[in-house]
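Enquirer: Handing over model22.txt, compact mmCIF, C-alpha atoms.
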# COMPACT_ATOMS: atom_id res chain seq x y z
CA MET T 1 75.89 62.18 149.93
CA ALA T 2 72.86 63.23 147.90
CA GLU T 3 72.02 61.01 144.95
CA LYS T 4 74.16 61.69 141.93
CA LEU T 5 72.84 63.19 138.73
CA ASP T 6 73.60 62.13 135.19
CA LEU T 7 76.19 64.45 133.65
CA PRO T 8 76.31 64.93 129.86
CA VAL T 9 79.61 63.24 128.99
CA HIS T 10 80.99 66.27 127.09
CA ARG T 11 80.94 68.17 130.37
CA ALA T 12 83.31 65.75 132.11
CA ARG T 13 86.04 68.34 131.42
CA ALA T 14 84.64 70.53 134.20
CA PHE T 15 85.94 67.98 136.70
CA LEU T 16 88.88 66.36 134.88
CA GLU T 17 90.64 69.37 133.32
CA PRO T 18 91.55 70.82 136.76
CA GLY T 19 93.82 67.78 137.20
CA PRO T 20 92.59 65.92 140.30
CA ILE T 21 93.79 62.58 141.61
CA LEU T 22 91.37 59.88 140.42
CA LEU T 23 90.54 56.41 141.68
CA VAL T 24 90.44 53.95 138.79
CA THR T 25 88.30 50.86 139.23
CA SER T 26 88.61 47.88 136.93
CA CYS T 27 87.28 44.34 136.57
CA HIS T 28 88.22 41.42 134.37
CA ASP T 29 87.35 37.76 134.53
CA GLY T 30 86.25 37.88 138.17
CA GLU T 31 89.19 39.98 139.38
CA ARG T 32 88.70 43.59 140.34
CA ASN T 33 90.92 46.38 141.62
CA VAL T 34 91.16 50.07 142.43
CA MET T 35 94.22 52.30 142.01
CA THR T 36 95.11 55.99 142.27
CA MET T 37 95.98 57.94 139.12
CA GLY T 38 97.27 61.49 138.66
CA TRP T 39 98.53 61.33 135.08
CA HIS T 40 95.54 61.99 132.84
CA MET T 41 94.21 64.62 130.43
CA VAL T 42 91.09 65.62 128.55
CA LEU T 43 91.47 65.13 124.78
CA GLU T 44 88.08 65.93 123.24
CA PHE T 45 84.52 66.99 124.15
CA THR T 46 82.60 64.86 121.63
CA PRO T 47 83.38 62.02 121.71
CA SER T 48 84.35 62.58 125.35
CA LEU T 49 87.98 61.41 125.28
CA VAL T 50 90.47 61.22 128.13
CA GLY T 51 94.09 60.02 128.10
CA CYS T 52 95.30 57.99 131.11
CA MET T 53 98.79 56.78 131.94
CA ILE T 54 98.48 53.47 133.81
CA SER T 55 101.87 51.97 134.51
CA ALA T 56 102.38 48.40 133.35
CA GLY T 57 103.68 47.59 136.84
CA ASN T 58 100.25 48.12 138.36
CA TYR T 59 97.97 45.18 139.02
CA SER T 60 95.20 47.16 137.31
CA PHE T 61 97.12 47.40 134.03
CA GLU T 62 96.26 43.92 132.74
CA LEU T 63 92.68 44.09 134.04
CA ILE T 64 92.14 47.26 132.03
CA ARG T 65 94.10 46.19 128.98
CA ARG T 66 92.14 42.94 128.73
CA SER T 67 88.66 44.21 129.65
CA ARG T 68 89.19 47.41 127.61
CA GLU T 69 87.26 49.45 130.15
CA CYS T 70 87.40 51.09 133.57
CA VAL T 71 85.66 53.67 135.74
CA LEU T 72 87.31 56.95 136.76
CA ASN T 73 86.07 57.95 140.22
CA LEU T 74 86.68 61.46 141.58
CA PRO T 75 87.48 61.57 145.33
CA THR T 76 87.50 64.70 147.49
CA LEU T 77 89.42 65.92 150.54
CA ASP T 78 87.27 63.94 152.98
CA MET T 79 88.56 60.74 151.32
CA LEU T 80 92.26 61.66 151.63
CA ASP T 81 93.23 58.80 153.93
CA THR T 82 91.42 56.30 151.71
CA VAL T 83 93.16 57.70 148.64
CA VAL T 84 96.57 57.32 150.31
CA ALA T 85 95.77 53.77 151.45
CA ILE T 86 94.67 52.78 147.93
CA GLY T 87 97.79 54.33 146.40
CA ASN T 88 100.17 52.60 148.78
CA ASN T 89 98.82 49.08 148.51
CA SER T 90 98.61 46.66 145.61
CA GLY T 91 95.65 44.60 144.51
CA ARG T 92 98.10 41.73 144.10
CA ASP T 93 98.33 41.47 147.90
CA ARG T 94 94.84 42.30 149.12
CA ASP T 95 91.23 43.10 148.28
CA LYS T 96 91.31 46.86 148.64
CA PHE T 97 87.52 47.16 148.38
CA ALA T 98 87.03 44.98 151.46
CA ASP T 99 90.05 46.16 153.43
CA PHE T 100 89.32 49.87 153.00
CA GLY T 101 85.54 49.59 153.26
CA LEU T 102 84.75 50.86 149.77
CA ASP T 103 81.06 50.83 148.89
CA THR T 104 80.40 50.09 145.24
CA LYS T 105 77.51 50.15 142.84
CA ALA T 106 77.15 48.49 139.45
CA ALA T 107 77.95 50.68 136.47
CA ASP T 108 75.49 51.08 133.62
CA LYS T 109 77.66 50.47 130.56
CA VAL T 110 80.82 48.76 131.83
CA GLY T 111 81.65 45.90 134.20
CA SER T 112 83.89 47.88 136.57
CA PRO T 113 82.26 49.10 139.79
CA LEU T 114 81.42 52.70 140.70
CA LEU T 115 82.77 53.99 144.03
CA THR T 116 79.72 55.47 145.72
CA ALA T 117 81.64 57.74 148.13
CA CYS T 118 83.25 59.64 145.25
CA TYR T 119 81.92 62.99 144.05
CA ALA T 120 81.71 61.86 140.41
CA ASN T 121 82.07 58.69 138.34
CA PHE T 122 83.00 58.33 134.69
CA GLU T 123 82.40 55.02 132.91
CA CYS T 124 85.05 54.50 130.24
CA ARG T 125 85.65 52.25 127.26
CA LEU T 126 89.03 51.96 125.56
CA ALA T 127 88.92 54.05 122.36
CA ASP T 128 92.52 53.74 121.14
CA ASP T 129 95.28 51.45 122.38
CA ARG T 130 98.07 52.35 120.00
CA MET T 131 100.07 54.23 122.66
CA VAL T 132 99.74 51.57 125.36
CA GLU T 133 102.82 49.59 124.43
CA ASP T 134 105.23 52.54 124.21
CA TYR T 135 103.85 54.86 126.89
CA ASN T 136 101.26 52.94 128.95
CA LEU T 137 98.88 55.59 127.62
CA PHE T 138 95.24 54.55 127.25
CA LEU T 139 92.78 56.72 125.35
CA PHE T 140 89.33 56.16 126.81
CA GLU T 141 85.90 57.36 125.75
CA ILE T 142 83.65 58.38 128.64
CA VAL T 143 80.33 56.71 127.86
CA LYS T 144 78.38 57.59 131.01
CA ALA T 145 78.96 60.12 133.80
CA TYR T 146 77.45 60.90 137.19
CA VAL T 147 78.09 63.84 139.49
CA ALA T 148 76.97 64.90 142.97
CA PRO T 149 74.48 67.82 142.86
CA ARG T 150 76.57 69.86 145.32
CA PRO T 151 78.90 71.47 146.10
CA LYS T 152 79.22 73.05 142.68
CA HIS T 153 83.02 72.90 142.86
CA PRO T 154 84.40 69.96 144.89
CA ARG T 155 87.50 70.07 147.10
CA THR T 156 89.57 67.78 144.92
CA LEU T 157 93.09 66.50 145.63
CA HIS T 158 95.98 67.35 143.29
CA TYR T 159 99.22 65.43 143.74
CA THR T 160 102.59 67.17 143.74
CA GLY T 161 104.78 64.15 144.56
CA ASP T 162 106.57 63.23 147.79
CA GLY T 163 103.33 62.56 149.69
CA VAL T 164 102.00 66.12 149.35
CA PHE T 165 98.65 67.12 147.86
CA VAL T 166 97.33 70.56 147.05
CA VAL T 167 93.58 70.98 147.57
CA ALA T 168 91.30 72.82 145.14
CA GLY T 169 90.45 76.09 146.87
CA GLU T 170 88.50 79.20 145.97
CA THR T 171 86.91 79.67 142.56
CA VAL T 172 87.24 82.83 140.47
CA SER T 173 85.06 83.66 137.48
CA ARG T 174 86.12 85.78 134.54
CA ARG T 175 83.07 84.77 132.49
CA SER T 176 82.33 88.35 131.45
CA ASP T 177 85.79 88.63 129.86
CA PHE T 178 85.38 85.52 127.70
CA ARG T 179 84.39 85.39 124.07
CA PRO T 180 80.94 83.73 123.90
CA ALA T 181 82.28 81.02 121.58
CA LEU T 182 84.64 79.89 124.37
CA LEU T 183 81.94 79.57 127.04
CA GLY T 184 79.84 76.53 127.88
CA ASN T 185 81.05 73.02 128.61
CA GLY T 186 81.44 73.79 132.31
CA ARG T 187 79.54 72.35 135.24
CA MET X 1 110.08 87.80 141.50
CA ALA X 2 113.30 86.30 142.85
CA GLU X 3 115.57 84.78 140.23
CA LYS X 4 114.49 81.33 139.16
CA LEU X 5 116.44 78.19 139.95
CA ASP X 6 117.20 75.31 137.64
CA LEU X 7 114.84 72.42 138.33
CA PRO X 8 115.89 68.84 137.51
CA VAL X 9 113.57 67.97 134.63
CA HIS X 10 112.28 64.75 136.22
CA ARG X 11 110.76 66.91 138.97
CA ALA X 12 108.56 68.87 136.55
CA ARG X 13 105.71 66.60 137.69
CA ALA X 14 105.55 68.51 140.99
CA PHE X 15 104.10 71.45 139.06
CA LEU X 16 102.40 69.81 136.06
CA GLU X 17 100.64 66.83 137.64
CA PRO X 18 98.30 69.09 139.68
CA GLY X 19 96.79 70.18 136.36
CA PRO X 20 97.28 73.96 136.09
CA ILE X 21 96.51 76.17 133.15
CA LEU X 22 99.74 76.77 131.21
CA LEU X 23 100.86 79.48 128.81
CA VAL X 24 102.51 77.92 125.76
CA THR X 25 105.03 80.05 123.88
CA SER X 26 106.22 79.12 120.41
CA CYS X 27 108.36 80.54 117.64
CA HIS X 28 108.95 79.55 114.03
CA ASP X 29 110.51 81.38 111.13
CA GLY X 30 110.24 84.81 112.74
CA GLU X 31 106.66 84.34 113.99
CA ARG X 32 105.96 83.86 117.68
CA ASN X 33 102.86 83.35 119.79
CA VAL X 34 101.51 82.54 123.21
CA MET X 35 98.35 80.56 124.02
CA THR X 36 96.59 79.10 127.06
CA MET X 37 96.43 75.32 127.51
CA GLY X 38 94.60 73.21 130.06
CA TRP X 39 94.69 69.79 128.39
CA HIS X 40 98.04 68.24 129.28
CA MET X 41 99.46 65.34 131.30
CA VAL X 42 102.72 64.00 132.66
CA LEU X 43 103.76 60.76 130.93
CA GLU X 44 107.21 59.86 132.30
CA PHE X 45 109.88 61.05 134.74
CA THR X 46 112.98 60.13 132.72
CA PRO X 47 112.91 61.16 129.97
CA SER X 48 110.66 63.92 131.26
CA LEU X 49 107.63 63.51 128.98
CA VAL X 50 104.43 65.53 128.84
CA GLY X 51 101.44 65.17 126.53
CA CYS X 52 99.77 68.37 125.29
CA MET X 53 96.59 68.78 123.27
CA ILE X 54 96.99 71.84 121.03
CA SER X 55 94.00 72.29 118.76
CA ALA X 56 94.75 72.58 115.06
CA GLY X 57 92.57 75.69 115.00
CA ASN X 58 95.06 77.61 117.12
CA TYR X 59 97.59 79.92 115.50
CA SER X 60 100.25 78.24 117.66
CA PHE X 61 99.57 74.80 116.18
CA GLU X 62 101.58 75.24 113.00
CA LEU X 63 104.37 77.15 114.78
CA ILE X 64 104.81 74.22 117.14
CA ARG X 65 104.31 71.49 114.55
CA ARG X 66 106.93 73.03 112.28
CA SER X 67 109.50 74.14 114.87
CA ARG X 68 108.96 70.92 116.88
CA GLU X 69 109.40 72.80 120.15
CA CYS X 70 107.71 75.13 122.64
CA VAL X 71 107.97 76.42 126.19
CA LEU X 72 105.37 75.63 128.86
CA ASN X 73 105.08 78.58 131.24
CA LEU X 74 103.26 78.25 134.57
CA PRO X 75 101.22 81.33 135.57
CA THR X 76 99.75 81.99 139.02
CA LEU X 77 96.67 83.76 140.40
CA ASP X 78 98.26 87.23 140.14
CA MET X 79 98.38 86.73 136.36
CA LEU X 80 94.70 85.78 136.00
CA ASP X 81 93.68 88.74 133.86
CA THR X 82 96.67 88.20 131.57
CA VAL X 83 95.80 84.51 131.25
CA VAL X 84 92.21 85.37 130.27
CA ALA X 85 93.38 87.99 127.76
CA ILE X 86 95.79 85.52 126.15
CA GLY X 87 93.12 82.83 125.97
CA ASN X 88 90.54 85.10 124.38
CA ASN X 89 92.68 86.58 121.63
CA SER X 90 94.41 85.01 118.64
CA GLY X 91 97.98 85.57 117.49
CA ARG X 92 96.54 85.79 113.97
CA ASP X 93 95.10 89.20 114.87
CA ARG X 94 97.65 90.77 117.18
CA ASP X 95 101.05 90.53 118.86
CA LYS X 96 99.98 89.32 122.29
CA PHE X 97 103.47 89.84 123.76
CA ALA X 98 103.37 93.56 122.94
CA ASP X 99 99.66 94.13 123.58
CA PHE X 100 99.63 92.42 126.98
CA GLY X 101 103.06 93.64 128.11
CA LEU X 102 104.67 90.20 128.41
CA ASP X 103 108.34 90.28 129.36
CA THR X 104 110.35 87.49 127.79
CA LYS X 105 113.79 85.99 128.08
CA ALA X 106 115.66 83.75 125.68
CA ALA X 107 115.44 80.05 126.41
CA ASP X 108 118.55 77.91 126.71
CA LYS X 109 117.77 74.94 124.46
CA VAL X 110 114.85 76.06 122.27
CA GLY X 111 113.95 79.11 120.20
CA SER X 112 110.64 79.88 121.94
CA PRO X 113 110.74 82.63 124.57
CA LEU X 114 110.37 82.19 128.34
CA LEU X 115 107.71 84.31 130.07
CA THR X 116 109.57 85.91 132.95
CA ALA X 117 106.48 86.70 135.06
CA CYS X 118 105.56 83.02 135.28
CA TYR X 119 106.41 80.90 138.33
CA ALA X 120 108.10 78.18 136.27
CA ASN X 121 109.20 77.54 132.68
CA PHE X 122 109.68 74.22 130.91
CA GLU X 123 111.59 74.12 127.62
CA CYS X 124 110.20 71.34 125.41
CA ARG X 125 111.20 69.47 122.28
CA LEU X 126 108.75 67.31 120.33
CA ALA X 127 109.46 63.68 121.22
CA ASP X 128 106.68 61.89 119.35
CA ASP X 129 104.27 63.28 116.74
CA ARG X 130 102.33 60.15 115.85
CA MET X 131 99.17 61.29 117.66
CA VAL X 132 99.16 64.83 116.27
CA GLU X 133 97.13 64.09 113.17
CA ASP X 134 94.33 62.16 114.88
CA TYR X 135 94.14 63.91 118.26
CA ASN X 136 96.23 67.13 118.09
CA LEU X 137 98.25 65.42 120.84
CA PHE X 138 101.93 66.35 121.03
CA LEU X 139 104.33 64.35 123.20
CA PHE X 140 107.10 66.66 124.35
CA GLU X 141 110.31 66.02 126.24
CA ILE X 142 111.13 68.70 128.83
CA VAL X 143 114.82 69.44 128.23
CA LYS X 144 115.32 72.32 130.66
CA ALA X 145 113.25 73.65 133.58
CA TYR X 146 113.29 76.69 135.86
CA VAL X 147 111.26 77.40 138.96
CA ALA X 148 110.83 80.31 141.39
CA PRO X 149 112.47 79.61 144.76
CA ARG X 150 109.27 80.50 146.65
CA PRO X 151 106.51 80.01 147.51
CA LYS X 152 107.01 76.27 147.74
CA HIS X 153 103.52 75.62 146.35
CA PRO X 154 102.25 78.29 143.93
CA ARG X 155 98.64 79.48 143.65
CA THR X 156 98.02 78.01 140.24
CA LEU X 157 94.85 78.32 138.12
CA HIS X 158 92.83 75.24 137.16
CA TYR X 159 90.18 75.67 134.50
CA THR X 160 86.69 74.20 134.88
CA GLY X 161 85.11 75.63 131.71
CA ASP X 162 82.60 78.45 131.30
CA GLY X 163 85.05 81.16 132.41
CA VAL X 164 85.56 79.73 135.91
CA PHE X 165 88.90 78.77 137.46
CA VAL X 166 89.59 76.96 140.71
CA VAL X 167 92.72 78.12 142.53
CA ALA X 168 95.21 75.76 144.17
CA GLY X 169 94.63 76.17 147.90
CA GLU X 170 96.00 74.55 151.05
CA THR X 171 98.51 71.71 150.93
CA VAL X 172 98.19 68.53 152.96
CA SER X 173 101.01 66.04 153.50
CA ARG X 174 100.57 62.33 154.09
CA ARG X 175 104.27 61.63 153.59
CA SER X 176 104.48 59.45 156.68
CA ASP X 177 101.81 57.13 155.26
CA PHE X 178 103.64 56.55 151.97
CA ARG X 179 105.81 53.61 151.05
CA PRO X 180 109.40 54.92 150.71
CA ALA X 181 109.59 53.65 147.11
CA LEU X 182 106.75 56.03 146.18
CA LEU X 183 108.35 59.14 147.67
CA GLY X 184 110.68 61.61 145.95
CA ASN X 185 110.12 63.40 142.66
CA GLY X 186 108.35 66.28 144.38
CA ARG X 187 109.40 69.90 144.71
Could you take the file, read its structure, and then write that structure out as structure tokens?

Expert:
Amino acid sequence: MAEKLDLPVHRARAFLEPGPILLVTSCHDGERNVMTMGWHMVLEFTPSLVGCMISAGNYSFELIRRSRECVLNLPTLDMLDTVVAIGNNSGRDRDKFADFGLDTKAADKVGSPLLTACYANFECRLADDRMVEDYNLFLFEIVKAYVAPRPKHPRTLHYTGDGVFVVAGETVSRRSDFRPALLGNGR
Amino acid sequence: MAEKLDLPVHRARAFLEPGPILLVTSCHDGERNVMTMGWHMVLEFTPSLVGCMISAGNYSFELIRRSRECVLNLPTLDMLDTVVAIGNNSGRDRDKFADFGLDTKAADKVGSPLLTACYANFECRLADDRMVEDYNLFLFEIVKAYVAPRPKHPRTLHYTGDGVFVVAGETVSRRSDFRPALLGNGR
């Protein structure tokens, strides 16, 4: 993969709003993990806020709750088997980075590792924890973002349940039909 | 379109987790509206919870905040021009149902109308409003759901910003690689 470019954090929506499966990396007190996540949403451009539901049953939950940070990594179709392996194994039982051959790189602003094979990486700090206890809902601020220079629109994976993913396909533009005030903030 | 089927509400994730653009209908005190929404997430199977960011600047915001309900309608690629028209016009200025020829049907459990041309409809009641003031984030419970019998996986629209949508494409199954406990809750 070509070297990633810095992405202004308010443009993270271009890759998160479509709703792809993400790989969440975390690290706390010498322990690290990676998990799959499909329940997330964009909440604001500036600050760049994203809501993430991370079930308390996951090994990653305490790592993230205690470290108050994580990295959201965006995988594509070529990583499907890795995504499924990560989602079907627990960090309680094994080192998923070693067992699944995941190359990592140090992040700039957080302690969790970046997954180099992913199309994009979003370094996150916990911005609001008031919904964690009732809903396992973390509100993160994206503090640094990286994206591959191409393709412009990646073939991301979108989970429908029951082991089935739908893949991001063709793109269609209706830019000329938009009010100018609603444009911008894309890739 | 063939008549829709009732969908068990815990299976709404099959259609919402992939992250499609939704059309949100609302009604309060004789006023009704429809808006586009791309910032939403699944939060729980049972009760069937979904988080929705509805900006306070939208005409729909007060209708939904006061009525404490809405319907999430799932459009597909054939409705692209209607989706763009709805997203680029305000209910303050016009009756979007009349102007864009939107057929509606009464909902079962809420006062907001169902959009009949959409692939699926999810009737929602406000379950938690504590994040509305700070983040415009509504937590809804889906109380009734309907879905078209086919196709099994609809060609939904996923917004990337700047007037560009990515369309849900091929599906890939890795069901045989999943732990049985993680299966189910799909279409």

Enquirer: What's around range 157-169 of chain T at 10 Å? Count all atoms listed in the file, leave out sequence neighbours fewer than 4 positions away in its own chain, and write the answer as an MDAnalysis selection string.

Expert: (chainID T and resid 18:22 37:39 74:80 83:84 153) or (chainID X and resid 11:20 153:158 165:180 182:187)

Enquirer: Just the residues within 12 Å of Arg150 in chain X, please, counting all atoms listed in the file, with nothing from its chain fewer than 4 positions along; format it as a list in words.

Expert: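 Listed by chain and then number, they are Met1, Ala2, Glu3, Lys4, Leu5, Tyr119, Ala120, Pro154, Arg155 and Arg187 of chain X.
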
Enquirer: Just to confirm, what's the straight-line distance from CA of Ile86 in chain T to CA of Gly30 in chain T in Å (one decimal)?

Expert: 19.7 Å

Enquirer: Just give me the gap between CA of Leu102 in chain X and CA of Tyr146 in chain X in Å, one decimal is fine.

Expert: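 Calculated distance between CA of Leu102 in chain X and CA of Tyr146 in chain X is 17.7 Å.
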
Enquirer: Considering all atoms listed in the file, state which residue in the set X:Val132, X:Met35, X:Val42, X:Val50 is at the smallest distance from chain T.

Expert: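 Once distances to chain T are computed over all atoms listed in the file, the minimum belongs to X:Val42.
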
Enquirer: Could you name the residues that touch Tyr59 in chain X at 8 Å or less, counting all atoms listed in the file, but leaving out those on the same chain fewer than 3 positions away, as JSON, numbers by chain?

Expert: {"X": [33, 56, 62, 63, 90, 91, 92]}

Enquirer: Taking only C-alpha atoms into account, name the residue in X:Arg94, X:Lys144, X:Arg125, X:Arg130 that is nearest to chain T.

Expert: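 Among X:Arg94, X:Lys144, X:Arg125, X:Arg130, it is X:Arg130 that comes nearest to chain T.
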
Enquirer: My list of candidates is T:Ala98, T:Cys118, T:Leu72, T:Ile54. Which is closest to chain X when distances are computed with all atoms listed in the file?

Expert: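 Answer, going by the shortest atom-to-atom distance: T:Ile54.
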
Enquirer: Suppose you want the space between CA of Met41 in chain T and CA of Leu139 in chain T; what is it in Å?

Expert: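 It comes out at 9.5 Å.
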
Enquirer: Select, from T:Ala145, T:Val71, T:Ala181, T:Leu23, the residue with the minimum atom-to-atom distance to chain X, counting only C-alpha atoms.

Expert: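 Looking at the shortest contact to chain X, the residue is T:Ala181.
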
Enquirer: Near Arg66 in chain T, within 10 Å and counting all atoms listed in the file, which residues show up once chain neighbours fewer than 4 positions away are dropped, as a list of chain:residue names?

Expert: T:Cys27, T:His28, T:Asp29, T:Phe61, T:Glu62

Enquirer: Return the single residue from X:Asn73, X:Ser67, X:Thr104, X:Ser55 that is closest to chain T, with distances computed using only C-alpha atoms.

Expert: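 Using only C-alpha atoms, the shortest distance to chain T belongs to X:Ser55.
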
Enquirer: Would you kindly place N, CA and C atoms on range 156-179 of chain X and return the model as a compact mmCIF listing (two decimals), keeping the file's coordinate frame?

Expert:
# COMPACT_ATOMS: atom_id res chain seq x y z
N THR X 156 98.27 78.22 141.66
CA THR X 156 98.02 78.01 140.24
C THR X 156 96.53 78.05 139.92
N LEU X 157 96.22 78.20 138.63
CA LEU X 157 94.85 78.32 138.12
C LEU X 157 94.47 77.02 137.41
N HIS X 158 93.28 76.51 137.73
CA HIS X 158 92.83 75.24 137.16
C HIS X 158 91.47 75.49 136.53
N TYR X 159 91.37 75.23 135.23
CA TYR X 159 90.18 75.67 134.50
C TYR X 159 89.07 74.63 134.54
N THR X 160 87.84 75.10 134.81
CA THR X 160 86.69 74.20 134.88
C THR X 160 85.71 74.41 133.73
N GLY X 161 86.04 75.29 132.78
CA GLY X 161 85.11 75.63 131.71
C GLY X 161 84.26 76.83 132.10
N ASP X 162 83.61 77.39 131.09
CA ASP X 162 82.60 78.45 131.30
C ASP X 162 83.16 79.69 132.02
N GLY X 163 84.46 79.94 131.84
CA GLY X 163 85.05 81.16 132.41
C GLY X 163 85.41 81.08 133.88
N VAL X 164 85.32 79.89 134.47
CA VAL X 164 85.56 79.73 135.91
C VAL X 164 86.83 78.91 136.16
N PHE X 165 87.68 79.44 137.04
CA PHE X 165 88.90 78.77 137.46
C PHE X 165 88.79 78.40 138.94
N VAL X 166 89.41 77.28 139.29
CA VAL X 166 89.59 76.96 140.71
C VAL X 166 91.08 77.19 141.01
N VAL X 167 91.35 77.75 142.16
CA VAL X 167 92.72 78.12 142.53
C VAL X 167 93.29 77.07 143.48
N ALA X 168 94.55 76.70 143.26
CA ALA X 168 95.21 75.76 144.17
C ALA X 168 95.25 76.38 145.56
N GLY X 169 94.76 75.64 146.55
CA GLY X 169 94.63 76.17 147.90
C GLY X 169 95.63 75.55 148.87
N GLU X 170 95.12 75.10 150.00
CA GLU X 170 96.00 74.55 151.05
C GLU X 170 96.71 73.28 150.57
N THR X 171 97.83 72.99 151.20
CA THR X 171 98.51 71.71 150.93
C THR X 171 98.34 70.82 152.15
N VAL X 172 98.27 69.51 151.87
CA VAL X 172 98.19 68.53 152.96
C VAL X 172 99.23 67.45 152.65
N SER X 173 99.99 67.08 153.67
CA SER X 173 101.01 66.04 153.50
C SER X 173 100.57 64.76 154.18
N ARG X 174 100.75 63.66 153.49
CA ARG X 174 100.57 62.33 154.09
C ARG X 174 101.86 61.53 153.89
N ARG X 175 102.97 62.24 153.88
CA ARG X 175 104.27 61.63 153.59
C ARG X 175 104.54 60.42 154.48
N SER X 176 104.17 60.53 155.74
CA SER X 176 104.48 59.45 156.68
C SER X 176 103.68 58.18 156.40
N ASP X 177 102.63 58.30 155.60
CA ASP X 177 101.81 57.13 155.26
C ASP X 177 102.22 56.50 153.93
N PHE X 178 103.24 57.05 153.28
CA PHE X 178 103.64 56.55 151.97
C PHE X 178 104.74 55.49 152.08
N ARG X 179 104.70 54.54 151.18
CA ARG X 179 105.81 53.61 151.05
C ARG X 179 107.02 54.39 150.55
